[in-house]
$ cat work_0.pdb   # PDB, C-alpha atoms
ATOM      1  CA  MET A  52      22.277  28.815  -4.434
ATOM      2  CA  SER A  53      18.928  29.687  -6.057
ATOM      3  CA  THR A  54      15.695  29.720  -4.155
ATOM      4  CA  PRO A  55      12.621  28.061  -5.719
ATOM      5  CA  ALA A  56      11.022  31.502  -6.206
ATOM      6  CA  HIS A  57      14.144  32.813  -7.954
ATOM      7  CA  THR A  58      14.283  29.735 -10.203
ATOM      8  CA  SER A  59      10.575  30.107 -11.016
ATOM      9  CA  GLN A  60      11.058  33.781 -11.858
ATOM     10  CA  ARG A  61      14.006  32.949 -14.127
ATOM     11  CA  SER A  62      12.013  30.245 -15.899
ATOM     12  CA  LEU A  63       9.116  32.693 -16.390
ATOM     13  CA  ILE A  64      11.473  35.250 -17.940
ATOM     14  CA  THR A  65      12.961  32.522 -20.150
ATOM     15  CA  ALA A  66       9.485  31.435 -21.270
ATOM     16  CA  ILE A  67       8.478  35.033 -22.023
ATOM     17  CA  GLY A  68      11.720  35.409 -23.987
ATOM     18  CA  ALA A  69      10.953  32.270 -25.982
ATOM     19  CA  VAL A  70       7.427  33.453 -26.841
ATOM     20  CA  THR A  71       8.829  36.846 -27.821
ATOM     21  CA  GLY A  72      11.492  35.193 -29.984
ATOM     22  CA  VAL A  73       8.927  33.085 -31.836
ATOM     23  CA  MET A  74       6.771  36.189 -32.350
ATOM     24  CA  VAL A  75       9.752  38.116 -33.751
ATOM     25  CA  VAL A  76      10.602  35.314 -36.202
ATOM     26  CA  ILE A  77       7.009  35.128 -37.443
ATOM     27  CA  LEU A  78       6.733  38.923 -37.776
ATOM     28  CA  HIS A  79       9.994  38.952 -39.744
ATOM     29  CA  TRP A  80       8.604  36.177 -41.961
ATOM     30  CA  LEU A  81       5.478  38.338 -42.488
ATOM     31  CA  GLY A  82       7.754  41.089 -43.797
ATOM     32  CA  ARG A  83       7.589  43.461 -40.836
ATOM     33  CA  THR A  84      10.462  45.917 -40.604
ATOM     34  CA  PRO A  85      12.688  45.794 -37.518
ATOM     35  CA  TRP A  86      12.365  49.545 -36.845
ATOM     36  CA  CYS A  87      10.852  52.668 -38.290
ATOM     37  CA  GLN A  88      11.986  53.104 -41.890
ATOM     38  CA  CYS A  89      12.738  56.773 -41.147
ATOM     39  CA  GLY A  90      16.023  55.603 -39.650
ATOM     40  CA  GLY A  91      15.687  57.855 -36.596
ATOM     41  CA  PHE A  92      16.320  56.306 -33.204
ATOM     42  CA  SER A  93      13.785  58.135 -31.073
ATOM     43  CA  PRO A  94      12.283  55.541 -28.726
ATOM     44  CA  TRP A  95       8.821  57.073 -29.020
ATOM     45  CA  SER A  96       6.504  58.839 -31.393
ATOM     46  CA  TRP A  97       3.322  60.588 -30.355
ATOM     47  CA  GLU A  98       2.236  61.401 -33.926
ATOM     48  CA  ILE A  99      -0.466  58.879 -34.761
ATOM     49  CA  TYR A 100      -1.223  60.482 -38.132
ATOM     50  CA  SER A 101       2.287  59.960 -39.458
ATOM     51  CA  GLN A 102       4.622  57.307 -40.846
ATOM     52  CA  HIS A 103       5.969  56.912 -37.298
ATOM     53  CA  ASN A 104       2.768  55.465 -35.853
ATOM     54  CA  SER A 105       3.413  51.979 -34.457
ATOM     55  CA  GLN A 106       7.028  52.100 -35.634
ATOM     56  CA  HIS A 107       8.913  53.133 -32.468
ATOM     57  CA  LEU A 108       9.038  51.460 -29.059
ATOM     58  CA  ILE A 109       6.337  53.605 -27.486
ATOM     59  CA  ASP A 110       3.375  55.420 -29.009
ATOM     60  CA  PRO A 111      -0.100  56.351 -27.771
ATOM     61  CA  TYR A 112      -1.328  52.853 -28.639
ATOM     62  CA  SER A 113       1.167  51.394 -26.140
ATOM     63  CA  PHE A 114      -1.374  52.375 -23.487
ATOM     64  CA  THR A 115      -4.014  50.184 -25.140
ATOM     65  CA  HIS A 116      -1.622  47.243 -24.847
ATOM     66  CA  VAL A 117      -1.233  47.957 -21.130
ATOM     67  CA  LEU A 118      -5.032  47.703 -21.005
ATOM     68  CA  HIS A 119      -4.829  44.323 -22.779
ATOM     69  CA  GLY A 120      -2.904  43.164 -19.711
ATOM     70  CA  PHE A 121      -5.692  44.401 -17.432
ATOM     71  CA  VAL A 122      -8.277  42.569 -19.541
ATOM     72  CA  PHE A 123      -6.264  39.332 -19.644
ATOM     73  CA  PHE A 124      -5.685  39.410 -15.895
ATOM     74  CA  GLY A 125      -9.412  39.889 -15.291
ATOM     75  CA  ALA A 126     -10.400  37.217 -17.806
ATOM     76  CA  LEU A 127      -7.962  34.686 -16.337
ATOM     77  CA  TRP A 128      -8.742  35.511 -12.683
ATOM     78  CA  PRO A 129     -11.597  32.953 -12.446
ATOM     79  CA  LEU A 130      -9.021  30.243 -13.259
ATOM     80  CA  ARG A 131      -6.824  31.155 -10.275
ATOM     81  CA  HIS A 132      -7.761  27.985  -8.386
ATOM     82  CA  ARG A 133      -6.876  25.749 -11.341
ATOM     83  CA  LEU A 134      -3.883  27.539 -12.867
ATOM     84  CA  GLU A 135      -0.803  28.950 -11.168
ATOM     85  CA  GLU A 136      -0.129  32.676 -11.497
ATOM     86  CA  ARG A 137       2.846  31.915 -13.754
ATOM     87  CA  THR A 138       0.656  29.862 -16.099
ATOM     88  CA  ARG A 139      -1.979  32.590 -16.266
ATOM     89  CA  MET A 140       0.655  35.216 -17.030
ATOM     90  CA  MET A 141       2.169  33.017 -19.750
ATOM     91  CA  THR A 142      -1.310  32.523 -21.193
ATOM     92  CA  ALA A 143      -1.682  36.318 -21.389
ATOM     93  CA  CYS A 144       1.770  36.522 -23.001
ATOM     94  CA  VAL A 145       0.915  33.925 -25.653
ATOM     95  CA  ILE A 146      -2.445  35.560 -26.419
ATOM     96  CA  GLU A 147      -0.813  38.986 -26.799
ATOM     97  CA  ALA A 148       1.959  37.570 -29.014
ATOM     98  CA  ALA A 149      -0.683  35.847 -31.154
ATOM     99  CA  TRP A 150      -2.582  39.141 -31.386
ATOM    100  CA  GLU A 151       0.575  40.985 -32.485
ATOM    101  CA  ILE A 152       1.042  38.408 -35.248
ATOM    102  CA  LEU A 153      -2.616  38.574 -36.310
ATOM    103  CA  GLU A 154      -2.636  42.384 -36.080
ATOM    104  CA  ASN A 155       0.257  42.479 -38.543
ATOM    105  CA  SER A 156      -1.269  40.053 -41.015
ATOM    106  CA  PRO A 157      -2.403  41.496 -44.352
ATOM    107  CA  MET A 158      -6.059  40.759 -43.508
ATOM    108  CA  ILE A 159      -6.083  42.795 -40.275
ATOM    109  CA  ILE A 160      -3.892  45.589 -41.656
ATOM    110  CA  GLU A 161      -6.380  46.048 -44.487
ATOM    111  CA  ARG A 162      -9.293  45.901 -42.040
ATOM    112  CA  TYR A 163      -7.718  48.646 -39.917
ATOM    113  CA  ARG A 164      -7.257  50.773 -42.994
ATOM    114  CA  GLU A 165     -10.880  50.267 -44.060
ATOM    115  CA  ALA A 166     -12.685  50.600 -40.735
ATOM    116  CA  THR A 167     -10.600  52.767 -38.417
ATOM    117  CA  ILE A 168      -8.871  56.137 -38.401
ATOM    118  CA  SER A 169      -5.645  54.361 -39.374
ATOM    119  CA  LEU A 170      -5.792  55.065 -43.113
ATOM    120  CA  ASP A 171      -2.012  55.085 -43.447
ATOM    121  CA  TYR A 172      -1.475  52.033 -41.243
ATOM    122  CA  TYR A 173       0.802  49.459 -42.849
ATOM    123  CA  GLY A 174       1.599  47.380 -39.777
ATOM    124  CA  ASP A 175       3.844  47.641 -36.746
ATOM    125  CA  SER A 176       7.599  47.457 -36.702
ATOM    126  CA  ILE A 177       8.987  44.416 -34.924
ATOM    127  CA  ALA A 178      10.390  46.661 -32.179
ATOM    128  CA  ASN A 179       6.926  48.161 -31.639
ATOM    129  CA  SER A 180       5.344  44.702 -31.444
ATOM    130  CA  VAL A 181       7.897  43.571 -28.845
ATOM    131  CA  SER A 182       7.248  46.754 -26.873
ATOM    132  CA  ASP A 183       3.478  46.169 -27.130
ATOM    133  CA  LEU A 184       3.931  42.648 -25.742
ATOM    134  CA  LEU A 185       5.954  44.040 -22.825
ATOM    135  CA  ALA A 186       3.312  46.758 -22.279
ATOM    136  CA  CYS A 187       0.660  44.042 -22.025
ATOM    137  CA  LEU A 188       2.726  42.170 -19.451
ATOM    138  CA  LEU A 189       3.216  45.416 -17.522
ATOM    139  CA  GLY A 190      -0.566  45.880 -17.491
ATOM    140  CA  TYR A 191      -1.005  42.303 -16.308
ATOM    141  CA  VAL A 192       1.444  42.867 -13.435
ATOM    142  CA  ILE A 193      -0.198  46.169 -12.458
ATOM    143  CA  ALA A 194      -3.644  44.540 -12.455
ATOM    144  CA  SER A 195      -2.299  41.691 -10.319
ATOM    145  CA  LYS A 196      -0.992  44.148  -7.701
ATOM    146  CA  VAL A 197      -4.005  46.449  -7.285
ATOM    147  CA  ARG A 198      -7.568  45.820  -6.188
ATOM    148  CA  TRP A 199     -10.026  45.147  -9.013
ATOM    149  CA  TYR A 200     -11.828  48.486  -8.635
ATOM    150  CA  TYR A 201      -8.531  50.360  -9.061
ATOM    151  CA  SER A 202      -7.991  48.397 -12.265
ATOM    152  CA  VAL A 203     -11.399  49.552 -13.478
ATOM    153  CA  VAL A 204     -10.626  53.173 -12.576
ATOM    154  CA  ILE A 205      -7.234  53.009 -14.316
ATOM    155  CA  PHE A 206      -8.815  51.356 -17.372
ATOM    156  CA  VAL A 207     -11.511  54.036 -17.679
ATOM    157  CA  ALA A 208      -9.012  56.858 -17.053
ATOM    158  CA  VAL A 209      -6.665  55.587 -19.781
ATOM    159  CA  GLU A 210      -9.549  55.142 -22.227
ATOM    160  CA  LEU A 211     -10.786  58.696 -21.530
ATOM    161  CA  ALA A 212      -7.274  60.158 -21.795
ATOM    162  CA  LEU A 213      -6.784  58.436 -25.162
ATOM    163  CA  LEU A 214     -10.168  59.628 -26.412
ATOM    164  CA  LEU A 215      -9.335  63.205 -25.426
ATOM    165  CA  THR A 216      -5.779  63.209 -26.793
ATOM    166  CA  ILE A 217      -5.845  61.030 -29.921
ATOM    167  CA  ARG A 218      -9.593  60.513 -30.419
ATOM    168  CA  ASP A 219      -9.104  56.752 -30.322
ATOM    169  CA  SER A 220      -9.023  54.066 -27.641
ATOM    170  CA  LEU A 221      -8.978  50.318 -27.095
ATOM    171  CA  LEU A 222     -12.766  50.113 -26.973
ATOM    172  CA  LEU A 223     -13.173  52.187 -30.151
ATOM    173  CA  ASN A 224     -10.572  50.061 -31.923
ATOM    174  CA  VAL A 225     -12.374  46.848 -30.970
ATOM    175  CA  ILE A 226     -15.757  48.215 -32.069
ATOM    176  CA  MET A 227     -14.401  49.516 -35.388
ATOM    177  CA  LEU A 228     -12.362  46.388 -36.058
ATOM    178  CA  VAL A 229     -15.261  44.020 -35.373
TER     179      VAL A 229
END

$ encode --input "work_0.pdb" --output "structure tokens"
Amino acid sequence: MSTPAHTSQRSLITAIGAVTGVMVVILHWLGRTPWCQCGGFSPWSWEIYSQHNSQHLIDPYSFTHVLHGFVFFGALWPLRHRLEERTRMMTACVIEAAWEILENSPMIIERYREATISLDYYGDSIANSVSDLLACLLGYVIASKVRWYYSVVIFVAVELALLLTIRDSLLLNVIMLV
């Protein structure tokens, strides 16, 4: 016999799966490849200046998607008295899925190539987009479990680590994209 919490958790996972499925169908329709065209099955690639960038499950930009989760949690926190936690998390999931679709549209791909360090960026693989969505949800969960000031410290530490290692970060990407 299922408890109400167990049923709620299962329905949340089902809803996340449905959003992910819709995102995958749209990305496929946009012409995104399922996986890196290199054919290799390494789950990660740390080479941002290569054809592997944003093509495997995990890359340095995965950390920026974790930060998306922190941002969404913080932005949705004022609605905690009006919206259940599950609804706020699903809102973050839908926003991130919409971003993954927009990020892989010809308009944004071209903008990245014009305004950022991503001169050879031709869009994410579908696997990378799914992983980015899950990274965002991971960030949301982490932010929901720690005090707000720890979230700020983690956010700043990740941004600094990215700046030092790949000379790029979420904040720089937003500034250059806008």

$ residues_around --input "work_0.pdb" --residues "Gly72 (chain A)" --least-positions-apart "2" --cutoff "12 Å" --atoms "all atoms listed in the file" --output "list in words"
Thr65, Ala66, Ile67, Gly68, Ala69, Val70, Met74, Val75, Val76, Ile77, Leu78, His79, Val145, Ala148, Ile177, Ala178, Ser180, Val181 and Leu184 of chain A

$ resolve_selection --input "work_0.pdb" --expression "the PyMOL selection byres ((chain A and resi 175) around 8)" --output "list in words"
Arg83, Thr84, Asn104, Ser105, Gln106, Asn155, Tyr173, Gly174, Ser176, Ile177, Asn179 and Ser180 of chain A

$ closest_residue --input "work_0.pdb" --among "A:Phe114, A:Tyr100, A:Tyr163, A:Trp150" --to "Val207 (chain A)" --atoms "only C-alpha atoms"
A:Phe114

$ residues_around --input "work_0.pdb" --residues "Ile109 (chain A)" --least-positions-apart "2" --cutoff "9 Å" --atoms "all atoms listed in the file" --output "PyMOL selection string"
chain A and resi 94-97+105-107+111-114+179+182-183

$ residues_near_point --input "work_0.pdb" --point "(-11.1, 57.5, -27.3)" --cutoff "12 Å" --atoms "only C-alpha atoms" --output "list in words"
Pro111, Tyr112, Phe114, Thr115, Ile168, Phe206, Val207, Ala208, Val209, Glu210, Leu211, Ala212, Leu213, Leu214, Leu215, Thr216, Ile217, Arg218, Asp219, Ser220, Leu221, Leu222, Leu223, Asn224, Val225, Ile226 and Met227 of chain A

$ residues_around --input "work_0.pdb" --residues "Glu147 (chain A)" --least-positions-apart "4" --cutoff "8 Å" --atoms "all atoms listed in the file" --output "list of chain:residue names"
A:His119, A:Ala143, A:Glu151, A:Leu184, A:Cys187

$ atom_distance --input "work_0.pdb" --atom1 "CA of Tyr191 (chain A)" --atom2 "CA of Val122 (chain A)"
8.0 Å

$ closest_residue --input "work_0.pdb" --among "A:Ala56, A:Leu153, A:Leu118, A:Leu108" --to "Val204 (chain A)" --atoms "only C-alpha atoms"
A:Leu118

$ resolve_selection --input "work_0.pdb" --expression "the PyMOL selection byres ((chain A and resi 89) around 10)" --output "number ranges by chain"
A: 86-88, 90-92, 102-103, 106

$ axis_aligned_box --input "work_0.pdb" --around "region 122-133 of chain A" --padding-each-side "3 Å" --output "JSON"
{"center_x": -8.6, "center_y": 34.2, "center_z": -14.0, "size_x": 11.9, "size_y": 22.8, "size_z": 17.3}

$ residues_around --input "work_0.pdb" --residues "Ala194 (chain A)" --least-positions-apart "5" --cutoff "8 Å" --atoms "all atoms listed in the file" --output "mmCIF file with C-alpha atoms, in the coordinates of the input"
data_model
loop_
_atom_site.group_PDB
_atom_site.id
_atom_site.type_symbol
_atom_site.label_atom_id
_atom_site.label_comp_id
_atom_site.auth_asym_id
_atom_site.auth_seq_id
_atom_site.Cartn_x
_atom_site.Cartn_y
_atom_site.Cartn_z
ATOM 1 C CA GLY A 120 -2.904 43.164 -19.711
ATOM 2 C CA PHE A 121 -5.692 44.401 -17.432
ATOM 3 C CA PHE A 124 -5.685 39.410 -15.895
ATOM 4 C CA GLY A 125 -9.412 39.889 -15.291
ATOM 5 C CA TRP A 199 -10.026 45.147 -9.013
ATOM 6 C CA SER A 202 -7.991 48.397 -12.265
#

$ atom_distance --input "work_0.pdb" --atom1 "CA of Leu134 (chain A)" --atom2 "CA of Ser59 (chain A)"
14.8 Å

$ closest_residue --input "work_0.pdb" --among "A:Ile99, A:Ile193, A:Ala166, A:Ile64" --to "Phe123 (chain A)" --atoms "all atoms listed in the file"
A:Ile193

$ atom_distance --input "work_0.pdb" --atom1 "CA of Arg162 (chain A)" --atom2 "CA of Ser93 (chain A)"
28.3 Å
